[in-house]
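Structure below is my_file16.pdb: PDB, C-alpha atoms and all ligand atoms.
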ATOM      1  CA  MET G  41      -3.627  12.014  -7.231
ATOM      2  CA  ILE G  42      -1.760  12.622  -3.989
ATOM      3  CA  GLU G  43       0.797  15.414  -3.923
ATOM      4  CA  VAL G  44       3.344  15.496  -1.110
ATOM      5  CA  ASN G  45       5.222  18.751  -0.544
ATOM      6  CA  ASN G  46       8.213  18.972   1.771
ATOM      7  CA  LEU G  47       6.706  16.562   4.291
ATOM      8  CA  GLU G  48       8.317  16.508   7.723
ATOM      9  CA  LYS G  49       7.599  14.419  10.781
ATOM     10  CA  SER G  50       9.355  14.606  14.128
ATOM     11  CA  PHE G  51       8.819  12.758  17.380
ATOM     12  CA  ASP G  52       9.847  15.034  20.247
ATOM     13  CA  ASP G  53      13.098  16.471  18.933
ATOM     14  CA  VAL G  54      13.957  13.560  16.628
ATOM     15  CA  GLN G  55      13.222  14.361  12.982
ATOM     16  CA  VAL G  56      12.267  11.177  11.114
ATOM     17  CA  LEU G  57      10.972  12.598   7.801
ATOM     18  CA  LYS G  58      13.172  15.433   6.584
ATOM     19  CA  GLY G  59      11.248  17.060   3.744
ATOM     20  CA  ILE G  60       9.822  14.563   1.267
ATOM     21  CA  SER G  61       8.193  15.717  -1.978
ATOM     22  CA  THR G  62       6.613  13.427  -4.531
ATOM     23  CA  THR G  63       3.339  12.573  -6.291
ATOM     24  CA  PHE G  64       1.243   9.428  -6.443
ATOM     25  CA  GLU G  65      -0.953   9.171  -9.534
ATOM     26  CA  GLU G  66      -4.349   7.571 -10.018
ATOM     27  CA  GLY G  67      -4.452   4.263 -11.860
ATOM     28  CA  LYS G  68      -0.861   3.601 -10.811
ATOM     29  CA  THR G  69       0.726   1.343  -8.207
ATOM     30  CA  SER G  70       3.461   3.166  -6.300
ATOM     31  CA  LEU G  71       5.842   1.492  -3.891
ATOM     32  CA  ILE G  72       7.698   2.970  -0.933
ATOM     33  CA  ILE G  73      10.920   1.056  -0.309
ATOM     34  CA  GLY G  74      14.127   1.519   1.675
ATOM     35  CA  SER G  75      16.239  -0.031   4.408
ATOM     36  CA  SER G  76      14.956  -0.713   7.888
ATOM     37  CA  GLY G  77      14.495   2.513   9.824
ATOM     38  CA  ALA G  78      14.453   4.695   6.671
ATOM     39  CA  GLY G  79      11.045   6.135   7.604
ATOM     40  CA  LYS G  80       8.770   4.143   5.257
ATOM     41  CA  THR G  81       6.157   3.330   7.886
ATOM     42  CA  VAL G  82       6.122   6.846   9.283
ATOM     43  CA  PHE G  83       5.657   8.218   5.741
ATOM     44  CA  PHE G  84       2.938   5.646   5.057
ATOM     45  CA  LYS G  85       1.119   6.528   8.287
ATOM     46  CA  CYS G  86       1.274  10.243   7.448
ATOM     47  CA  LEU G  87      -0.316   9.498   4.050
ATOM     48  CA  LEU G  88      -3.003   7.436   5.777
ATOM     49  CA  GLY G  89      -3.725  10.256   8.217
ATOM     50  CA  LEU G  90      -2.621   8.198  11.235
ATOM     51  CA  PHE G  91       0.289  10.568  11.969
ATOM     52  CA  GLU G  92       0.000  14.340  11.925
ATOM     53  CA  PRO G  93       2.873  15.826   9.849
ATOM     54  CA  THR G  94       5.004  18.385  11.667
ATOM     55  CA  GLY G  95       5.749  20.239   8.439
ATOM     56  CA  GLY G  96       4.798  20.360   4.769
ATOM     57  CA  GLU G  97       1.528  19.248   3.220
ATOM     58  CA  ILE G  98      -0.256  16.320   1.632
ATOM     59  CA  ILE G  99      -2.819  17.235  -1.029
ATOM     60  CA  TYR G 100      -5.399  14.585  -1.910
ATOM     61  CA  ASP G 101      -6.909  15.673  -5.247
ATOM     62  CA  GLY G 102      -6.897  19.316  -4.198
ATOM     63  CA  ASP G 103      -7.877  18.580  -0.585
ATOM     64  CA  ASN G 104      -4.962  19.865   1.522
ATOM     65  CA  SER G 105      -4.289  18.052   4.803
ATOM     66  CA  ALA G 106      -2.747  21.236   6.195
ATOM     67  CA  ASN G 107      -6.282  22.712   6.350
ATOM     68  CA  ASP G 108      -7.769  19.695   8.084
ATOM     69  CA  THR G 109     -10.678  19.786  10.479
ATOM     70  CA  LYS G 110     -12.067  16.728  12.250
ATOM     71  CA  GLU G 111     -14.875  16.617   9.655
ATOM     72  CA  SER G 112     -12.598  16.903   6.596
ATOM     73  CA  LYS G 113     -10.409  14.074   7.953
ATOM     74  CA  GLN G 114     -13.476  11.878   8.449
ATOM     75  CA  GLU G 115     -14.705  12.702   4.962
ATOM     76  CA  ARG G 116     -11.323  11.753   3.449
ATOM     77  CA  ARG G 117     -11.285   8.534   5.445
ATOM     78  CA  LYS G 118     -14.302   7.361   3.399
ATOM     79  CA  ASN G 119     -12.195   7.549   0.255
ATOM     80  CA  ILE G 120      -9.376   5.431   1.665
ATOM     81  CA  GLY G 121      -9.110   1.645   1.490
ATOM     82  CA  THR G 122      -6.426  -0.191   3.454
ATOM     83  CA  VAL G 123      -4.853  -3.627   3.302
ATOM     84  CA  PHE G 124      -2.833  -4.339   6.420
ATOM     85  CA  GLN G 125      -0.026  -6.779   7.049
ATOM     86  CA  TYR G 126      -1.447 -10.240   7.831
ATOM     87  CA  SER G 127      -4.847  -9.168   6.421
ATOM     88  CA  ALA G 128      -6.306  -8.080   9.806
ATOM     89  CA  LEU G 129      -9.705  -9.625   9.148
ATOM     90  CA  LEU G 130     -12.225  -9.717  11.981
ATOM     91  CA  ASP G 131     -12.186 -13.361  13.011
ATOM     92  CA  PHE G 132     -15.696 -13.331  14.514
ATOM     93  CA  LEU G 133     -17.247 -12.228  11.200
ATOM     94  CA  THR G 134     -17.696 -14.380   8.096
ATOM     95  CA  VAL G 135     -15.916 -13.531   4.840
ATOM     96  CA  GLU G 136     -18.932 -11.655   3.452
ATOM     97  CA  GLU G 137     -19.545  -9.844   6.752
ATOM     98  CA  ASN G 138     -15.921  -8.691   6.789
ATOM     99  CA  VAL G 139     -16.365  -7.180   3.324
ATOM    100  CA  MET G 140     -19.715  -5.600   4.240
ATOM    101  CA  PHE G 141     -18.203  -4.001   7.347
ATOM    102  CA  PRO G 142     -16.885  -0.769   5.704
ATOM    103  CA  LEU G 143     -20.203  -0.359   3.873
ATOM    104  CA  GLU G 144     -21.996  -0.539   7.222
ATOM    105  CA  MET G 145     -19.645   2.139   8.540
ATOM    106  CA  PHE G 146     -19.622   4.466   5.543
ATOM    107  CA  SER G 147     -22.691   3.906   3.330
ATOM    108  CA  ASP G 148     -26.467   4.196   3.502
ATOM    109  CA  LEU G 149     -27.045   1.018   1.507
ATOM    110  CA  SER G 150     -29.640  -1.518   2.641
ATOM    111  CA  ARG G 151     -28.398  -4.861   3.951
ATOM    112  CA  SER G 152     -29.276  -6.655   0.712
ATOM    113  CA  GLU G 153     -27.515  -3.977  -1.375
ATOM    114  CA  MET G 154     -24.452  -4.323   0.844
ATOM    115  CA  MET G 155     -24.553  -8.084   0.449
ATOM    116  CA  ASP G 156     -24.800  -7.743  -3.359
ATOM    117  CA  ARG G 157     -21.878  -5.316  -3.442
ATOM    118  CA  ALA G 158     -19.775  -7.559  -1.177
ATOM    119  CA  HIS G 159     -20.487 -10.613  -3.342
ATOM    120  CA  GLU G 160     -19.650  -8.720  -6.535
ATOM    121  CA  VAL G 161     -16.252  -7.669  -5.165
ATOM    122  CA  LEU G 162     -15.523 -11.091  -3.652
ATOM    123  CA  LYS G 163     -16.143 -12.643  -7.061
ATOM    124  CA  ARG G 164     -13.862 -10.022  -8.639
ATOM    125  CA  VAL G 165     -11.002 -11.115  -6.375
ATOM    126  CA  ASN G 166     -11.718 -14.722  -7.397
ATOM    127  CA  LEU G 167     -13.183 -16.020  -4.162
ATOM    128  CA  LYS G 168     -15.559 -18.932  -4.697
ATOM    129  CA  GLU G 169     -19.121 -18.578  -3.405
ATOM    130  CA  GLU G 170     -18.721 -21.501  -1.032
ATOM    131  CA  SER G 171     -16.199 -19.383   0.934
ATOM    132  CA  PHE G 172     -18.499 -16.414   1.477
ATOM    133  CA  LYS G 173     -20.031 -17.814   4.672
ATOM    134  CA  GLN G 174     -16.783 -19.208   6.052
ATOM    135  CA  TYR G 175     -14.769 -17.581   8.841
ATOM    136  CA  PRO G 176     -11.233 -16.265   8.201
ATOM    137  CA  ALA G 177      -9.647 -19.120  10.184
ATOM    138  CA  GLU G 178     -11.262 -21.603   7.786
ATOM    139  CA  ILE G 179      -9.588 -20.247   4.624
ATOM    140  CA  SER G 180      -5.939 -20.069   3.456
ATOM    141  CA  GLY G 181      -3.625 -17.074   3.907
ATOM    142  CA  GLY G 182      -3.857 -16.248   0.196
ATOM    143  CA  MET G 183      -7.667 -16.307   0.344
ATOM    144  CA  GLN G 184      -7.630 -14.139   3.472
ATOM    145  CA  LYS G 185      -5.546 -11.625   1.554
ATOM    146  CA  ARG G 186      -8.105 -11.621  -1.267
ATOM    147  CA  VAL G 187     -10.841 -10.932   1.301
ATOM    148  CA  ALA G 188      -8.750  -8.097   2.771
ATOM    149  CA  ILE G 189      -8.383  -6.593  -0.712
ATOM    150  CA  ALA G 190     -12.116  -6.990  -1.385
ATOM    151  CA  ARG G 191     -12.863  -5.257   1.918
ATOM    152  CA  ALA G 192     -10.451  -2.441   1.008
ATOM    153  CA  VAL G 193     -12.043  -1.717  -2.385
ATOM    154  CA  VAL G 194     -15.714  -2.460  -1.657
ATOM    155  CA  THR G 195     -16.433   1.234  -0.979
ATOM    156  CA  ARG G 196     -14.761   2.119  -4.310
ATOM    157  CA  PRO G 197     -12.093   4.247  -2.608
ATOM    158  CA  LYS G 198     -10.041   6.848  -4.451
ATOM    159  CA  TYR G 199      -6.942   5.801  -2.489
ATOM    160  CA  LEU G 200      -5.661   2.354  -1.572
ATOM    161  CA  PHE G 201      -2.883   1.900   0.993
ATOM    162  CA  CYS G 202      -1.304  -1.533   1.388
ATOM    163  CA  ASP G 203       1.168  -2.239   4.182
ATOM    164  CA  GLU G 204       3.404  -5.201   3.305
ATOM    165  CA  PRO G 205       0.533  -6.936   1.473
ATOM    166  CA  ASN G 206       2.675 -10.010   0.760
ATOM    167  CA  SER G 207       3.929 -10.786   4.222
ATOM    168  CA  GLY G 208       3.354 -14.409   5.151
ATOM    169  CA  LEU G 209       2.556 -15.528   1.576
ATOM    170  CA  ASP G 210       4.515 -17.986  -0.549
ATOM    171  CA  PRO G 211       6.200 -16.398  -3.621
ATOM    172  CA  ALA G 212       3.627 -17.655  -6.163
ATOM    173  CA  THR G 213       0.652 -16.414  -4.114
ATOM    174  CA  ALA G 214       2.477 -13.138  -3.465
ATOM    175  CA  THR G 215       2.767 -12.548  -7.216
ATOM    176  CA  VAL G 216      -0.938 -13.277  -7.722
ATOM    177  CA  ILE G 217      -1.845 -10.819  -4.948
ATOM    178  CA  ASP G 218       0.487  -8.150  -6.371
ATOM    179  CA  ASN G 219      -1.095  -8.502  -9.794
ATOM    180  CA  LEU G 220      -4.587  -8.383  -8.320
ATOM    181  CA  ILE G 221      -3.784  -5.107  -6.553
ATOM    182  CA  GLN G 222      -2.328  -3.677  -9.759
ATOM    183  CA  ASP G 223      -5.298  -4.810 -11.881
ATOM    184  CA  LEU G 224      -7.844  -3.309  -9.447
ATOM    185  CA  THR G 225      -5.816  -0.095  -9.309
ATOM    186  CA  LYS G 226      -6.175   0.271 -13.078
ATOM    187  CA  GLU G 227      -9.759  -0.981 -13.307
ATOM    188  CA  TYR G 228     -11.086   1.348 -10.578
ATOM    189  CA  ASN G 229      -8.558   4.125 -11.314
ATOM    190  CA  ILE G 230      -7.326   4.122  -7.710
ATOM    191  CA  THR G 231      -4.235   5.907  -6.394
ATOM    192  CA  THR G 232      -2.427   2.978  -4.777
ATOM    193  CA  VAL G 233       0.535   3.221  -2.408
ATOM    194  CA  ILE G 234       2.303   0.122  -1.093
ATOM    195  CA  ASN G 235       4.791  -0.027   1.765
ATOM    196  CA  SER G 236       6.981  -2.972   0.809
ATOM    197  CA  HIS G 237      10.171  -4.890   1.495
ATOM    198  CA  ASP G 238       9.654  -7.275  -1.345
ATOM    199  CA  MET G 239      11.952  -6.918  -4.381
ATOM    200  CA  ASN G 240       9.689  -9.241  -6.324
ATOM    201  CA  SER G 241       6.829  -6.731  -5.941
ATOM    202  CA  VAL G 242       9.154  -3.902  -6.922
ATOM    203  CA  ILE G 243       9.954  -5.638 -10.199
ATOM    204  CA  GLU G 244       6.431  -6.958 -10.874
ATOM    205  CA  ILE G 245       4.272  -3.935 -10.170
ATOM    206  CA  GLY G 246       6.449  -0.943  -9.266
ATOM    207  CA  GLU G 247       5.179   1.595 -11.775
ATOM    208  CA  LYS G 248       6.603   4.223  -9.470
ATOM    209  CA  ILE G 249       9.107   3.534  -6.724
ATOM    210  CA  ILE G 250      10.143   5.920  -3.978
ATOM    211  CA  PHE G 251      13.366   4.910  -2.235
ATOM    212  CA  LEU G 252      13.728   6.429   1.218
ATOM    213  CA  SER G 253      17.008   6.713   3.077
ATOM    214  CA  LYS G 254      17.390   8.318   6.497
ATOM    215  CA  GLY G 255      14.102  10.172   6.196
ATOM    216  CA  LEU G 256      14.801  11.600   2.751
ATOM    217  CA  LYS G 257      13.662  10.607  -0.721
ATOM    218  CA  ALA G 258      16.981   9.329  -2.066
ATOM    219  CA  TRP G 259      15.674   8.103  -5.440
ATOM    220  CA  GLU G 260      12.470   7.727  -7.443
ATOM    221  CA  GLY G 261      11.688   6.051 -10.728
ATOM    222  CA  THR G 262      10.115   2.996 -12.333
ATOM    223  CA  ASN G 263      10.802  -0.729 -11.911
ATOM    224  CA  GLN G 264      12.752  -0.742 -15.185
ATOM    225  CA  GLU G 265      14.855   2.220 -14.095
ATOM    226  CA  ILE G 266      15.676   0.758 -10.673
ATOM    227  CA  LEU G 267      17.164  -2.360 -12.265
ATOM    228  CA  HIS G 268      19.661  -0.157 -14.109
ATOM    229  CA  THR G 269      20.425   2.292 -11.331
ATOM    230  CA  GLU G 270      24.010   3.240 -10.695
ATOM    231  CA  GLN G 271      23.232   5.070  -7.461
ATOM    232  CA  GLU G 272      25.190   3.126  -4.871
ATOM    233  CA  ASP G 273      22.703   2.965  -1.963
ATOM    234  CA  VAL G 274      19.809   1.996  -4.261
ATOM    235  CA  PHE G 275      21.968  -0.527  -6.144
ATOM    236  CA  ASN G 276      23.070  -2.175  -2.893
ATOM    237  CA  PHE G 277      19.473  -2.343  -1.687
ATOM    238  CA  VAL G 278      18.174  -3.834  -4.944
ATOM    239  CA  TYR G 279      20.936  -6.367  -5.531
ATOM    240  CA  ASN G 280      21.518  -7.660  -2.022
ATOM    241  CA  SER G 281      19.842 -11.046  -2.467
ATOM    242  CA  ASP G 282      21.068 -14.060  -4.444
ATOM    243  CA  LEU G 283      17.948 -13.939  -6.598
ATOM    244  CA  MET G 284      18.558 -10.306  -7.551
ATOM    245  CA  LYS G 285      22.247 -11.016  -8.261
ATOM    246  CA  LYS G 286      21.019 -13.583 -10.802
ATOM    247  CA  VAL G 287      18.630 -11.001 -12.298
ATOM    248  CA  ARG G 288      21.590  -8.643 -12.649
ATOM    249  CA  GLU G 289      23.728 -11.293 -14.375
ATOM    250  CA  ALA G 290      20.856 -12.045 -16.784
ATOM    251  CA  LEU G 291      20.434  -8.345 -17.602
ATOM    252  CA  ILE G 292      24.145  -8.017 -18.364
ATOM    253  CA  ARG G 293      24.102 -11.241 -20.420
ATOM    254  CA  GLU G 294      21.163 -10.001 -22.467
ATOM    255  CA  GLY G 295      22.813  -6.602 -22.880
ATOM    256  CA  LYS G 296      19.848  -4.778 -21.290
TER
HETATM  257  N1  LIG G 301       5.726   6.547  17.182
HETATM  258  C1  LIG G 301       7.036   6.790  17.131
HETATM  259  N2  LIG G 301       7.649   7.505  18.084
HETATM  260  C2  LIG G 301       8.976   7.776  18.022
HETATM  261  N3  LIG G 301       9.779   7.357  17.021
HETATM  262  C3  LIG G 301       9.232   6.641  16.038
HETATM  263  C4  LIG G 301       7.838   6.321  16.031
HETATM  264  N4  LIG G 301       7.577   5.585  14.910
HETATM  265  C5  LIG G 301       8.764   5.465  14.268
HETATM  266  N5  LIG G 301       9.739   6.090  14.932
HETATM  267  C6  LIG G 301      11.155   6.158  14.522
HETATM  268  O1  LIG G 301      11.209   6.562  13.168
HETATM  269  C7  LIG G 301      12.287   5.900  12.482
HETATM  270  C8  LIG G 301      11.756   5.305  11.191
HETATM  271  O2  LIG G 301      10.852   4.252  11.521
HETATM  272  P1  LIG G 301       9.945   3.503  10.450
HETATM  273  O3  LIG G 301       9.128   2.524  11.226
HETATM  274  O4  LIG G 301       9.224   4.474   9.599
HETATM  275  O5  LIG G 301      11.036   2.744   9.588
HETATM  276  P2  LIG G 301      10.811   1.754   8.379
HETATM  277  O6  LIG G 301      11.537   2.312   7.213
HETATM  278  O7  LIG G 301       9.358   1.474   8.198
HETATM  279  O8  LIG G 301      11.558   0.458   8.902
HETATM  280  P3  LIG G 301      11.166  -1.092   8.818
HETATM  281  O9  LIG G 301      11.487  -1.503   7.412
HETATM  282  O10 LIG G 301      12.107  -1.727   9.784
HETATM  283  O11 LIG G 301       9.733  -1.243   9.179
HETATM  284  C9  LIG G 301      12.854   4.889  13.454
HETATM  285  O12 LIG G 301      14.045   5.404  13.987
HETATM  286  C10 LIG G 301      11.804   4.776  14.526
HETATM  287  O13 LIG G 301      12.375   4.504  15.785
END
Write the structure described by the file as structure tokens, please.
Amino acid sequence: MIEVNNLEKSFDDVQVLKGISTTFEEGKTSLIIGSSGAGKTVFFKCLLGLFEPTGGEIIYDGDNSANDTKESKQERRKNIGTVFQYSALLDFLTVEENVMFPLEMFSDLSRSEMMDRAHEVLKRVNLKEESFKQYPAEISGGMQKRVAIARAVVTRPKYLFCDEPNSGLDPATATVIDNLIQDLTKEYNITTVINSHDMNSVIEIGEKIIFLSKGLKAWEGTNQEILHTEQEDVFNFVYNSDLMKKVREALIREGK
């Protein structure tokens, strides 16, 4: 579980995060959403340890970032898996080498143990064996995303951070990737946080949604609750596309 207490982040004298408090639970997929410039990425980077908060604290299962030393940050890093926008695979390494890479960095396993572990996870994300020795440029965007997810969970991290995991994917593949992230989150009991723009993801997998506005947490709740919100800024954000307007009409029609 990650507990965030009154988190603040300023750049020079501009305060971007203005005191955010929330919790992210293990085995759950939580989404950070909000309009452009709301502070989602800054919040996400603070959680990842890429930005130093200027106030407040982040507690990772009792391990408080406010007491950080270089060593404690490095130790925490081993428990974090990340899936970046556009997968960010290393194009000079094969699929299996990409997945073995974090094990080489963070484990004492032998090469054959690393290979076994990488293959096990690649199979779990439904990659076929014939792809294991291919290079990222030789496989589709959806497959690259599966490899990125395999690489993120191969160390069995406690925390998984995904930055716009669906960008560049067609809607059907995006749904498959969302469900894969949610399934792995439950299976491995990971605390998963996703920075997302995608309303489809919000509805599919948003077990907890944090809506940021102007550096503040303006709303939090579940995917079911957000569909019925009457809070104006959240409502406008959720129902601003034609697709979501149709969802709204269907909800009203069905009396939900
Ligand atoms: N490294 C930085 N230095 C100074 N200001 C920054 C820095 N990173 C972000 N900001 C500012 O923080 C504010 C929030 O930015 P952030 O990238 O978190 O927004 P966002 O909600 O992720 O938006 P988007 O959906 O467009 O990615 C913006 O005004 C931005 O200019």
Once you count only C-alpha atoms and all ligand atoms, what closest atom pair and distance in Å to one decimal does each residue of chain G within 6 Å of ligand LIG 301 (chain G) have, with rows by chain and rising residue number, as JSON lines?
{"residue": "G:Phe51", "atom": "CA", "partner": "G:LIG301", "partner_atom": "C2", "distance": 5.0}
{"residue": "G:Val56", "atom": "CA", "partner": "G:LIG301", "partner_atom": "O1", "distance": 5.2}
{"residue": "G:Ser75", "atom": "CA", "partner": "G:LIG301", "partner_atom": "O9", "distance": 5.8}
{"residue": "G:Ser76", "atom": "CA", "partner": "G:LIG301", "partner_atom": "O10", "distance": 3.6}
{"residue": "G:Gly77", "atom": "CA", "partner": "G:LIG301", "partner_atom": "O5", "distance": 3.5}
{"residue": "G:Ala78", "atom": "CA", "partner": "G:LIG301", "partner_atom": "O6", "distance": 3.8}
{"residue": "G:Gly79", "atom": "CA", "partner": "G:LIG301", "partner_atom": "O4", "distance": 3.2}
{"residue": "G:Lys80", "atom": "CA", "partner": "G:LIG301", "partner_atom": "O6", "distance": 3.9}
{"residue": "G:Thr81", "atom": "CA", "partner": "G:LIG301", "partner_atom": "O4", "distance": 3.7}
{"residue": "G:Val82", "atom": "CA", "partner": "G:LIG301", "partner_atom": "O4", "distance": 3.9}
Applied to this file, what does the PyMOL selection byres (((chain G and resi 280-287) around 12) and not hetatm) return in terms of residues, put as a count of residues only?
25
Any chance you could resolve the PyMOL selection byres (((chain G and resi 248) around 12) and not hetatm) against this file and give the residues as JSON, numbers by chain?
{"G": [62, 63, 64, 65, 66, 67, 68, 69, 70, 71, 72, 73, 222, 231, 232, 233, 234, 241, 242, 243, 244, 245, 246, 247, 249, 250, 251, 259, 260, 261, 262, 263, 264, 265, 266]}
Requested write-out: C-alpha atoms of the selected residues, as a PDB file, in the coordinates of the input:
ATOM      1  CA  THR G  62       6.613  13.427  -4.531  1.00  0.00           C
ATOM      2  CA  THR G  63       3.339  12.573  -6.291  1.00  0.00           C
ATOM      3  CA  PHE G  64       1.243   9.428  -6.443  1.00  0.00           C
ATOM      4  CA  GLU G  65      -0.953   9.171  -9.534  1.00  0.00           C
ATOM      5  CA  GLU G  66      -4.349   7.571 -10.018  1.00  0.00           C
ATOM      6  CA  GLY G  67      -4.452   4.263 -11.860  1.00  0.00           C
ATOM      7  CA  LYS G  68      -0.861   3.601 -10.811  1.00  0.00           C
ATOM      8  CA  THR G  69       0.726   1.343  -8.207  1.00  0.00           C
ATOM      9  CA  SER G  70       3.461   3.166  -6.300  1.00  0.00           C
ATOM     10  CA  LEU G  71       5.842   1.492  -3.891  1.00  0.00           C
ATOM     11  CA  ILE G  72       7.698   2.970  -0.933  1.00  0.00           C
ATOM     12  CA  ILE G  73      10.920   1.056  -0.309  1.00  0.00           C
ATOM     13  CA  GLN G 222      -2.328  -3.677  -9.759  1.00  0.00           C
ATOM     14  CA  THR G 231      -4.235   5.907  -6.394  1.00  0.00           C
ATOM     15  CA  THR G 232      -2.427   2.978  -4.777  1.00  0.00           C
ATOM     16  CA  VAL G 233       0.535   3.221  -2.408  1.00  0.00           C
ATOM     17  CA  ILE G 234       2.303   0.122  -1.093  1.00  0.00           C
ATOM     18  CA  SER G 241       6.829  -6.731  -5.941  1.00  0.00           C
ATOM     19  CA  VAL G 242       9.154  -3.902  -6.922  1.00  0.00           C
ATOM     20  CA  ILE G 243       9.954  -5.638 -10.199  1.00  0.00           C
ATOM     21  CA  GLU G 244       6.431  -6.958 -10.874  1.00  0.00           C
ATOM     22  CA  ILE G 245       4.272  -3.935 -10.170  1.00  0.00           C
ATOM     23  CA  GLY G 246       6.449  -0.943  -9.266  1.00  0.00           C
ATOM     24  CA  GLU G 247       5.179   1.595 -11.775  1.00  0.00           C
ATOM     25  CA  ILE G 249       9.107   3.534  -6.724  1.00  0.00           C
ATOM     26  CA  ILE G 250      10.143   5.920  -3.978  1.00  0.00           C
ATOM     27  CA  PHE G 251      13.366   4.910  -2.235  1.00  0.00           C
ATOM     28  CA  TRP G 259      15.674   8.103  -5.440  1.00  0.00           C
ATOM     29  CA  GLU G 260      12.470   7.727  -7.443  1.00  0.00           C
ATOM     30  CA  GLY G 261      11.688   6.051 -10.728  1.00  0.00           C
ATOM     31  CA  THR G 262      10.115   2.996 -12.333  1.00  0.00           C
ATOM     32  CA  ASN G 263      10.802  -0.729 -11.911  1.00  0.00           C
ATOM     33  CA  GLN G 264      12.752  -0.742 -15.185  1.00  0.00           C
ATOM     34  CA  GLU G 265      14.855   2.220 -14.095  1.00  0.00           C
ATOM     35  CA  ILE G 266      15.676   0.758 -10.673  1.00  0.00           C
TER      36      ILE G 266
END
Report as a ChimeraX atom specification the residues that result from applying the PyMOL selection byres (((chain G and resi 122-136) around 10) and not hetatm) to the structure here.
/G:88,120-121,137-141,154-159,161-162,167,169,171-179,181-193,197,199-209,232-235
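Computed from the coordinates, the atom CA of Thr94 of chain G to atom CA of Asp52 of chain G distance equals 10.4 Å.
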